[in-house]
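These notes are about the structure you will find just below.
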Number of protein chains: 2
Amino acid sequence: MNDLSLMRRLATAGQTKILLVVMDGVGGLPKTPGGPTELEAARTPNLDSLAARSICGMGTPVAPGITPGSGPGHLSLFGYDPLHYEIGRGVLEALGIGFDLQPDDLAARGNFCTLDSEGLITDRRAGRIPTEVGARLCEKLREVRLSGVETFVEPVKEYRFVLVLRGEGLCDGLTETDPQQVGKPPLPVEPLRPEAAPTAKLVNEWMAEARKILSDEHPANGCNLRGIAKDPGLPKMPAIYNLRCGAIATYPMYRGVAKLAGMEVLPTGETIEDEVKTLRQHWADFDFFFFHVKKTDSRGEDGDFEGKVAVIEHFDEVLPDILALEPDVVIITGDHSTPALWKSHSWHELPVLLWAKTIRPDGVTQFGERPCMAGGLGHIHNTDLMPLAMAYAGRLAKFGA
Amino acid sequence: MNDLSLMRRLATAGQTKILLVVMDGVGGLPKTPGGPTELEAARTPNLDSLAARSICGMGTPVAPGITPGSGPGHLSLFGYDPLHYEIGRGVLEALGIGFDLQPDDLAARGNFCTLDSEGLITDRRAGRIPTEVGARLCEKLREVRLSGVETFVEPVKEYRFVLVLRGEGLCDGLTETDPQQVGKPPLPVEPLRPEAAPTAKLVNEWMAEARKILSDEHPANGCNLRGIAKDPGLPKMPAIYNLRCGAIATYPMYRGVAKLAGMEVLPTGETIEDEVKTLRQHWADFDFFFFHVKKTDSRGEDGDFEGKVAVIEHFDEVLPDILALEPDVVIITGDHSTPALWKSHSWHELPVLLWAKTIRPDGVTQFGERPCMAGGLGHIHNTDLMPLAMAYAGRLAKFGA
């Protein structure tokens with residue numbers, strides 16, 4: 001497991017460039033027993049040729065058997081033990097809609113719900129109201145005023161919204177209001193540590209006002225708050241690794257996680273070609289690039305095996321343009337598996353490819369799950385990828401004499 | 001990761017013998033992409049034949065991507081987590097010249113430097129003065145007297161020397177004087193904990209006197225002290241493993257590290273044949289032998305690919321004589337990689353071979369990096385080798401009922 005204090009101690013300056021390509025959810029499963037996974041089914045001459053000059057293996061994002069969310073999946077790739085550094089659900093939800101979260105903001109994931117006449121929850125998702133209804137209700141909730149604190153209420157999708165409180169002295173360490181079952185009322189927020197008590201009081205005031213405002217609505221006549229959290233204040237990658245870090249991603253959540261890790265988020269377009277163009281434009285400006293490919297995960301979530309294959313093949317086509325920039329170290333992997341067969345994230349290990357000039361070749365000639373299982377990197381924890389990248393980039397001093 | 005308390009708890013007495021052969025810096029890299037490493041290029045019929053009856057794998061000395069110095073590389077093989085047990089640079093430097101360091105001695109690595117008329121460092125290595133000049137300056141520095149403390153100043157090579165203070169109550173936990181850049185003066189030594197304050201005062205007195213003595217020299221008219229440290233007081237291998245441990249090594253540093261780990265260091269000659277003779281002579285006296293082959297690393301540091309190959313082939317020739325002693329467990333590996341291509345230590349994993357009578361064979365028939373990548377031991381941490389050796393030697397009790 002990557003020891004960040006060791007990285008801080010050994011990281012040296014350099015002229016080399018590290019490129020981390022994350023094909024979101026790239027790991028897959030065969031459609032039929034014994035068949036190829038999405039990555040194995042894809043025609044990827046460029047990835048395969050690179051794999052033949054690389055050292056390959058299988059990576060675990062969190063721990064064996066643990067299915068990661070997008071936050072932990074990416075933190076692990078950036079070298080942070082996701083069991084130690086957690087990003088609260090409220091913060092991730094705010095980042096996911098591109099909300100410009102400030103370091104001292106308190107963010108919560110909100111869910112509209114249905115209450116009966118006794119105030120007990122009868123539907124935790126308010127009948128999955130349409131997104132436009134959710135948006136109208138958020139407008140209403142913006143009327144709630146708290147003394148000394150600015151509030152933001154932003155719709156996400158259907159019954160989901162984000163509440164952000166901004167002001168001095170806000171404290172995280174609060175319980176959730178959602179009792180996680182019907183037949184119970186929303187719970188009051190409790191402080192988990194003494195200094196969070198004033199913030200708990202504020203959030204409970206907001207909940208009381210919100211309930212009044214929603215009381216004449218149906219079915220969304222109540223709401224719950226979950227994952228009430230602040231920016232976790234991660235140690236920043238430039239300070240840990242002595243690298244200027246740039247992030248290229250088309251979706252807000254990944255841009256947000258990169259920002260939490262201290263990367264500079266680069267403006268880019270919506271396609272992989274746009275991202276490659278951004279990479280080229282900023283090549284001189286950074287030592288480390290996080291390059292995110294979203295649609296592998298999207299097609300996996302859709303259960304669209306062929307669609308996921310097509311995204312992988314599309315990435316393979318632009319790979320030569322990326323390699324033409326002559327990075328010193330290239331890592332290509334995913335943040336977690338999203339088998340189309342399952343339409344969801346899974347815990348399965350990720351195929352990993354690590355290329356550098358002075359690699360020990362391992363005989364793997366195809367970038368796919370089965371070949372990577374026999375690769376020379378073996379089975380590694382994803383947090384170890386950054387130290388390996390740093391080593392191959394010639395950016396780590398020797399440990400001990 | 002090896003848990004020494006578990007070893008203490010489970011280690012049992014026995015009649016079996018364990019032999020750990022460390023080919024220093026044995027891990028390598030191909031001269032040309034896709035070519036063989038030094039070990040793969042070497043003609044090693046005896047090692048290959050043993051590998052075919054062994055279980056093989058790849059070992060990590062410290063952590064992925066971390067290049068170990070000789071101290072951490074060996075501690076790991078002896079079962080000590082090198083991130084937990086660190087040997088200070090001053091201690092290693094003293095051991096490296098064969099200085100008979102006592103448990104309470106305080107040792108520092110010294111560097112002669114050049115100061116300008118304002119006392120600022122203009123060359124941190126004093127123009128790399130010849131070794132004989134360094135020796136003459138050390139003679140002069142022996143004139144420095146400190147009250148209640150004996151001092152030793154020993155030349156190492158060129159601008160490097162060792163300072164040892166011997167006396168009651170000396171304390172480690174001191175900052176270095178080397179500002180690590182030119183244009184600054186040597187820094188005063190500061191105590192990192194209150195009880196180290198008197199020792200810091202003593203070292204600063206030594207520095208002031210040394211500066212006076214060197215003031216009329218050129219270019220070495222100043223000096224710096226680094227890695228001011230004491231014997232780390234490692235738990236000793238005989239107590240951990242219930243083994244009588246003997247060390248056979250031709251170079252002082254490895255003899256010194258073995259001594260820190262509680263081994264008895266055996267007098268030997270300068271060649272591998274001398275070491276084999278020593279092993280034979282003392283075969284009845286110990287349960288565990290650390291057998292060190294230095295020149296694999298030396299030739300790697302020289303960038304001499306063919307020379308490293310020749311050292312490996314030379315070891316292969318004497319291997320039958322070693323095996324004729326009928327050890328119960330044999331481990332053959334290195335403390336780190338020293339690819340001739342790089343002329344320096346590297347972080348690359350080490351090929352490991354473990355032979356015992358009751359091994360599960362794994363199909364590896366050649367002792368080389370690529371075959372070992374696919375070996376049955378998998379990718380292990382080097383601290384796990386001692387527990388495996390203990391187990392195969394029948395010297396570990398069952399854990400739990």
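Naming scheme: A, B, ... for chains in displayed order of the structure tokens; residues 1 onward per chain; ligands 1 onward as shown.
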For A:Asp81: contacts at 10 Å, only C-alpha atoms, fewer than 5 positions along chain excluded, given as a PDB file with N, CA, C and O atoms, in the first residue's frame:
ATOM      1  N   MET A   1       0.848  -1.204   0.000  1.00  0.00           N
ATOM      2  CA  MET A   1       0.000   0.000   0.000  1.00  0.00           C
ATOM      3  C   MET A   1       0.881   1.252   0.000  1.00  0.00           C
ATOM      4  O   MET A   1       1.794   1.367   0.798  1.00  0.00           O
ATOM      5  N   ASN A   2       0.606   2.142  -0.900  1.00  0.00           N
ATOM      6  CA  ASN A   2       1.370   3.385  -1.040  1.00  0.00           C
ATOM      7  C   ASN A   2       1.384   4.167   0.275  1.00  0.00           C
ATOM      8  O   ASN A   2       0.353   4.466   0.850  1.00  0.00           O
ATOM      9  N   ASP A   3       2.593   4.494   0.725  1.00  0.00           N
ATOM     10  CA  ASP A   3       2.797   5.271   1.936  1.00  0.00           C
ATOM     11  C   ASP A   3       3.120   6.694   1.482  1.00  0.00           C
ATOM     12  O   ASP A   3       4.210   6.974   0.998  1.00  0.00           O
ATOM     13  N   LEU A   4       2.156   7.609   1.625  1.00  0.00           N
ATOM     14  CA  LEU A   4       2.338   8.954   1.073  1.00  0.00           C
ATOM     15  C   LEU A   4       3.506   9.679   1.726  1.00  0.00           C
ATOM     16  O   LEU A   4       4.184  10.486   1.082  1.00  0.00           O
ATOM     17  N   PRO A  61      -8.669  -2.011  -6.671  1.00  0.00           N
ATOM     18  CA  PRO A  61      -8.835  -0.608  -6.282  1.00  0.00           C
ATOM     19  C   PRO A  61      -8.891  -0.391  -4.764  1.00  0.00           C
ATOM     20  O   PRO A  61      -8.279   0.528  -4.251  1.00  0.00           O
ATOM     21  N   VAL A  62      -9.638  -1.233  -4.051  1.00  0.00           N
ATOM     22  CA  VAL A  62      -9.823  -1.019  -2.610  1.00  0.00           C
ATOM     23  C   VAL A  62      -9.298  -2.239  -1.839  1.00  0.00           C
ATOM     24  O   VAL A  62      -8.315  -2.158  -1.116  1.00  0.00           O
ATOM     25  N   PRO A  72     -13.679   6.358  -4.466  1.00  0.00           N
ATOM     26  CA  PRO A  72     -12.586   5.483  -4.031  1.00  0.00           C
ATOM     27  C   PRO A  72     -11.790   4.910  -5.199  1.00  0.00           C
ATOM     28  O   PRO A  72     -10.569   4.769  -5.104  1.00  0.00           O
ATOM     29  N   GLY A  73     -12.470   4.585  -6.316  1.00  0.00           N
ATOM     30  CA  GLY A  73     -11.772   4.024  -7.470  1.00  0.00           C
ATOM     31  C   GLY A  73     -10.692   4.966  -7.980  1.00  0.00           C
ATOM     32  O   GLY A  73      -9.580   4.540  -8.295  1.00  0.00           O
ATOM     33  N   LEU A  75      -9.425   7.727  -6.241  1.00  0.00           N
ATOM     34  CA  LEU A  75      -8.444   8.044  -5.186  1.00  0.00           C
ATOM     35  C   LEU A  75      -7.332   7.014  -5.180  1.00  0.00           C
ATOM     36  O   LEU A  75      -6.149   7.335  -5.047  1.00  0.00           O
ATOM     37  N   SER A  76      -7.714   5.739  -5.320  1.00  0.00           N
ATOM     38  CA  SER A  76      -6.734   4.663  -5.298  1.00  0.00           C
ATOM     39  C   SER A  76      -5.717   4.834  -6.422  1.00  0.00           C
ATOM     40  O   SER A  76      -4.509   4.711  -6.199  1.00  0.00           O
ATOM     41  N   GLU A  86     -11.675   9.166   2.766  1.00  0.00           N
ATOM     42  CA  GLU A  86     -13.018   9.013   2.207  1.00  0.00           C
ATOM     43  C   GLU A  86     -13.574  10.370   1.791  1.00  0.00           C
ATOM     44  O   GLU A  86     -13.425  11.356   2.491  1.00  0.00           O
ATOM     45  N   HIS A 381      -2.039  -3.664  -5.724  1.00  0.00           N
ATOM     46  CA  HIS A 381      -3.038  -2.713  -5.259  1.00  0.00           C
ATOM     47  C   HIS A 381      -2.879  -1.451  -6.092  1.00  0.00           C
ATOM     48  O   HIS A 381      -1.765  -1.016  -6.356  1.00  0.00           O
ATOM     49  N   ASN A 382      -4.002  -0.873  -6.496  1.00  0.00           N
ATOM     50  CA  ASN A 382      -3.900   0.282  -7.393  1.00  0.00           C
ATOM     51  C   ASN A 382      -3.139   1.450  -6.777  1.00  0.00           C
ATOM     52  O   ASN A 382      -2.567   2.264  -7.509  1.00  0.00           O
ATOM     53  N   THR A 383      -3.108   1.548  -5.451  1.00  0.00           N
ATOM     54  CA  THR A 383      -2.347   2.651  -4.842  1.00  0.00           C
ATOM     55  C   THR A 383      -0.854   2.523  -5.116  1.00  0.00           C
ATOM     56  O   THR A 383      -0.119   3.484  -4.948  1.00  0.00           O
ATOM     57  N   ASP A 384      -0.401   1.323  -5.513  1.00  0.00           N
ATOM     58  CA  ASP A 384       1.025   1.146  -5.804  1.00  0.00           C
ATOM     59  C   ASP A 384       1.396   1.622  -7.208  1.00  0.00           C
ATOM     60  O   ASP A 384       2.586   1.657  -7.550  1.00  0.00           O
TER      61      ASP A 384
END
Item to complete: Taking the chain letters and numbering used in this document, name the residues of stretch 62-255 of chain B that DSSP puts in alpha helix (DSSP H), as a PyMOL selection string.
Response: chain B and resi 70-77+89-96+131-141+197-214+237-241+252-255
Only C-alpha atoms, please: the residues just picked out, written as a JSON list (two decimals), in the first residue's frame.
[["chain", "number", "residue", "atom", "x", "y", "z"],
["B", 70, "SER", "CA", 21.99, -2.00, 1.01],
["B", 71, "GLY", "CA", 20.78, -1.62, 4.60],
["B", 72, "PRO", "CA", 17.02, -1.83, 3.91],
["B", 73, "GLY", "CA", 17.60, -4.46, 1.21],
["B", 74, "HIS", "CA", 19.25, -6.82, 3.69],
["B", 75, "LEU", "CA", 17.02, -6.04, 6.67],
["B", 76, "SER", "CA", 14.07, -7.09, 4.53],
["B", 77, "LEU", "CA", 15.67, -10.46, 3.71],
["B", 89, "ARG", "CA", 23.56, 6.57, 7.40],
["B", 90, "GLY", "CA", 26.31, 7.22, 9.93],
["B", 91, "VAL", "CA", 25.99, 3.71, 11.33],
["B", 92, "LEU", "CA", 26.03, 2.10, 7.87],
["B", 93, "GLU", "CA", 29.06, 4.18, 6.88],
["B", 94, "ALA", "CA", 30.90, 3.07, 10.03],
["B", 95, "LEU", "CA", 29.97, -0.56, 9.37],
["B", 96, "GLY", "CA", 31.07, -0.14, 5.76],
["B", 131, "THR", "CA", 41.42, 9.69, -0.72],
["B", 132, "GLU", "CA", 44.92, 10.29, 0.67],
["B", 133, "VAL", "CA", 44.14, 13.98, 1.26],
["B", 134, "GLY", "CA", 40.96, 12.95, 3.07],
["B", 135, "ALA", "CA", 43.03, 10.59, 5.23],
["B", 136, "ARG", "CA", 45.48, 13.36, 6.14],
["B", 137, "LEU", "CA", 42.61, 15.69, 7.09],
["B", 138, "CYS", "CA", 41.09, 12.96, 9.27],
["B", 139, "GLU", "CA", 44.45, 12.74, 11.11],
["B", 140, "LYS", "CA", 44.18, 16.48, 11.82],
["B", 141, "LEU", "CA", 40.56, 16.18, 12.97],
["B", 197, "ALA", "CA", 20.09, 18.59, 23.55],
["B", 198, "PRO", "CA", 23.37, 17.84, 25.42],
["B", 199, "THR", "CA", 24.54, 15.61, 22.56],
["B", 200, "ALA", "CA", 23.65, 18.32, 20.01],
["B", 201, "LYS", "CA", 25.80, 20.74, 22.03],
["B", 202, "LEU", "CA", 28.73, 18.31, 21.95],
["B", 203, "VAL", "CA", 28.46, 17.75, 18.21],
["B", 204, "ASN", "CA", 28.30, 21.50, 17.61],
["B", 205, "GLU", "CA", 31.45, 21.92, 19.72],
["B", 206, "TRP", "CA", 33.17, 19.31, 17.58],
["B", 207, "MET", "CA", 32.05, 21.11, 14.43],
["B", 208, "ALA", "CA", 33.42, 24.46, 15.70],
["B", 209, "GLU", "CA", 36.81, 22.94, 16.56],
["B", 210, "ALA", "CA", 36.93, 21.04, 13.27],
["B", 211, "ARG", "CA", 36.30, 24.24, 11.37],
["B", 212, "LYS", "CA", 39.21, 25.99, 13.10],
["B", 213, "ILE", "CA", 41.53, 23.07, 12.33],
["B", 214, "LEU", "CA", 40.49, 22.97, 8.66],
["B", 237, "MET", "CA", 17.50, -12.97, 14.94],
["B", 238, "PRO", "CA", 18.44, -15.71, 17.44],
["B", 239, "ALA", "CA", 15.74, -14.39, 19.79],
["B", 240, "ILE", "CA", 13.16, -13.94, 17.04],
["B", 241, "TYR", "CA", 13.66, -17.20, 15.18],
["B", 252, "PRO", "CA", 32.50, -4.91, 5.87],
["B", 253, "MET", "CA", 29.06, -3.32, 5.40],
["B", 254, "TYR", "CA", 27.23, -6.64, 5.03],
["B", 255, "ARG", "CA", 29.16, -8.11, 7.94]]
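By only C-alpha atoms, and with residues fewer than 4 positions from stretch 278-294 of chain B along its chain excluded, the set lying at most 8 Å from it is B:Gln15, B:Thr16, B:Lys17, B:Ile18, B:Leu19, B:Leu20, B:Val21, B:Val22, B:Met23, B:Asp24, B:Leu243, B:Arg244, B:Cys245, B:Gly246, B:Ala247, B:Ile248, B:Ala249, B:Thr250, B:Tyr251, B:Tyr254, B:Leu266, B:Pro267, B:Thr268, B:Ile272, B:Asp274, B:Ser298, B:Ile322, B:Leu325.
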For the residues in the current selection, export N, CA and C atoms as a short mmCIF file (atom, residue, chain, number, x, y, z; two decimals), in the first residue's frame.
data_model
loop_
_atom_site.label_atom_id
_atom_site.label_comp_id
_atom_site.auth_asym_id
_atom_site.auth_seq_id
_atom_site.Cartn_x
_atom_site.Cartn_y
_atom_site.Cartn_z
N GLN B 15 16.70 -29.34 14.26
CA GLN B 15 18.04 -29.75 13.82
C GLN B 15 18.30 -29.30 12.40
N THR B 16 17.32 -28.65 11.79
CA THR B 16 17.41 -28.33 10.37
C THR B 16 18.26 -27.08 10.13
N LYS B 17 18.71 -26.98 8.89
CA LYS B 17 19.58 -25.85 8.52
C LYS B 17 19.00 -25.07 7.33
N ILE B 18 19.04 -23.75 7.49
CA ILE B 18 18.54 -22.83 6.46
C ILE B 18 19.72 -22.07 5.88
N LEU B 19 19.77 -21.99 4.56
CA LEU B 19 20.83 -21.24 3.89
C LEU B 19 20.21 -20.14 3.04
N LEU B 20 20.56 -18.91 3.35
CA LEU B 20 20.10 -17.76 2.56
C LEU B 20 21.28 -17.22 1.76
N VAL B 21 21.20 -17.39 0.44
CA VAL B 21 22.25 -16.86 -0.43
C VAL B 21 21.77 -15.54 -1.02
N VAL B 22 22.52 -14.48 -0.77
CA VAL B 22 22.17 -13.17 -1.33
C VAL B 22 23.20 -12.82 -2.39
N MET B 23 22.76 -12.88 -3.64
CA MET B 23 23.60 -12.36 -4.73
C MET B 23 23.26 -10.88 -4.84
N ASP B 24 24.14 -10.07 -4.30
CA ASP B 24 23.85 -8.64 -4.17
C ASP B 24 23.52 -8.02 -5.53
N LEU B 243 17.18 -19.39 16.21
CA LEU B 243 18.18 -19.94 15.28
C LEU B 243 19.56 -19.42 15.70
N ARG B 244 20.55 -20.28 15.62
CA ARG B 244 21.94 -19.82 15.73
C ARG B 244 22.32 -19.32 14.33
N CYS B 245 22.66 -18.04 14.21
CA CYS B 245 22.80 -17.42 12.89
C CYS B 245 24.25 -17.05 12.61
N GLY B 246 24.78 -17.53 11.50
CA GLY B 246 26.13 -17.20 11.08
C GLY B 246 26.12 -16.43 9.78
N ALA B 247 27.03 -15.46 9.66
CA ALA B 247 27.09 -14.62 8.46
C ALA B 247 28.43 -14.80 7.76
N ILE B 248 28.38 -14.97 6.45
CA ILE B 248 29.60 -15.10 5.65
C ILE B 248 29.52 -14.05 4.55
N ALA B 249 30.37 -13.04 4.66
CA ALA B 249 30.37 -11.95 3.69
C ALA B 249 31.77 -11.39 3.61
N THR B 250 32.16 -10.96 2.42
CA THR B 250 33.54 -10.49 2.23
C THR B 250 33.67 -8.99 2.48
N TYR B 251 32.56 -8.23 2.44
CA TYR B 251 32.64 -6.79 2.57
C TYR B 251 32.16 -6.34 3.95
N TYR B 254 28.19 -5.54 4.89
CA TYR B 254 27.23 -6.64 5.03
C TYR B 254 27.50 -7.42 6.31
N LEU B 266 31.44 -14.58 10.62
CA LEU B 266 32.53 -15.54 10.53
C LEU B 266 33.68 -14.97 9.72
N PRO B 267 34.91 -15.15 10.18
CA PRO B 267 36.05 -14.70 9.38
C PRO B 267 36.10 -15.50 8.08
N THR B 268 36.37 -14.83 6.99
CA THR B 268 36.44 -15.52 5.70
C THR B 268 37.42 -14.79 4.80
N ILE B 272 34.61 -16.22 -3.54
CA ILE B 272 33.45 -17.07 -3.29
C ILE B 272 33.92 -18.43 -2.77
N ASP B 274 36.52 -18.99 -0.93
CA ASP B 274 36.82 -18.80 0.50
C ASP B 274 35.53 -18.88 1.32
N SER B 298 28.70 -5.18 -7.64
CA SER B 298 29.84 -4.35 -8.09
C SER B 298 29.86 -4.21 -9.60
N ILE B 322 28.10 -26.22 -2.37
CA ILE B 322 27.24 -25.71 -1.29
C ILE B 322 26.12 -26.72 -1.00
N LEU B 325 26.51 -29.87 1.15
CA LEU B 325 26.42 -29.79 2.62
C LEU B 325 25.04 -30.20 3.12
#
Worksheet item: Contacts of B:Val164 at 8 Å or less, counting only C-alpha atoms, minus same-chain residues fewer than 6 places along, as a ChimeraX atom specification?
Response: /B:105-108,151-153
For the interface of chain A with chain B (cut-off 7 Å, counting only C-alpha atoms), please tabulate each contacting residue of chain A alongside its nearest pair of atoms and their separation in Å to one decimal, rows sorted by chain and increasing number, as a Markdown table.
| residue | atom | partner | partner_atom | distance |
| --- | --- | --- | --- | --- |
| A:Arg360 | CA | B:Leu29 | CA | 6.2 |
| A:Pro361 | CA | B:Gly34 | CA | 6.3 |
| A:Asp362 | CA | B:Arg370 | CA | 6.2 |
| A:Ala374 | CA | B:Ala374 | CA | 6.9 |
| A:Gly376 | CA | B:Met373 | CA | 5.4 |
| A:Gly378 | CA | B:His379 | CA | 6.4 |
| A:Asp384 | CA | B:Pro64 | CA | 6.1 |
| A:Pro387 | CA | B:Gly65 | CA | 5.1 |
| A:Leu388 | CA | B:Gly65 | CA | 4.2 |
| A:Ala391 | CA | B:Gly65 | CA | 5.1 |
| A:Lys398 | CA | B:Thr67 | CA | 4.9 |
| A:Phe399 | CA | B:Pro68 | CA | 4.9 |
| A:Gly400 | CA | B:Gly69 | CA | 4.8 |
| A:Ala401 | CA | B:Gly69 | CA | 4.4 |
Item to complete: Fewer than 3 positions away in the same chain doesn't count, so skip those; otherwise give me all residues within 8 Å of A:Thr12, counting only C-alpha atoms, as a ChimeraX atom specification.
Response: /A:241-242,395-397
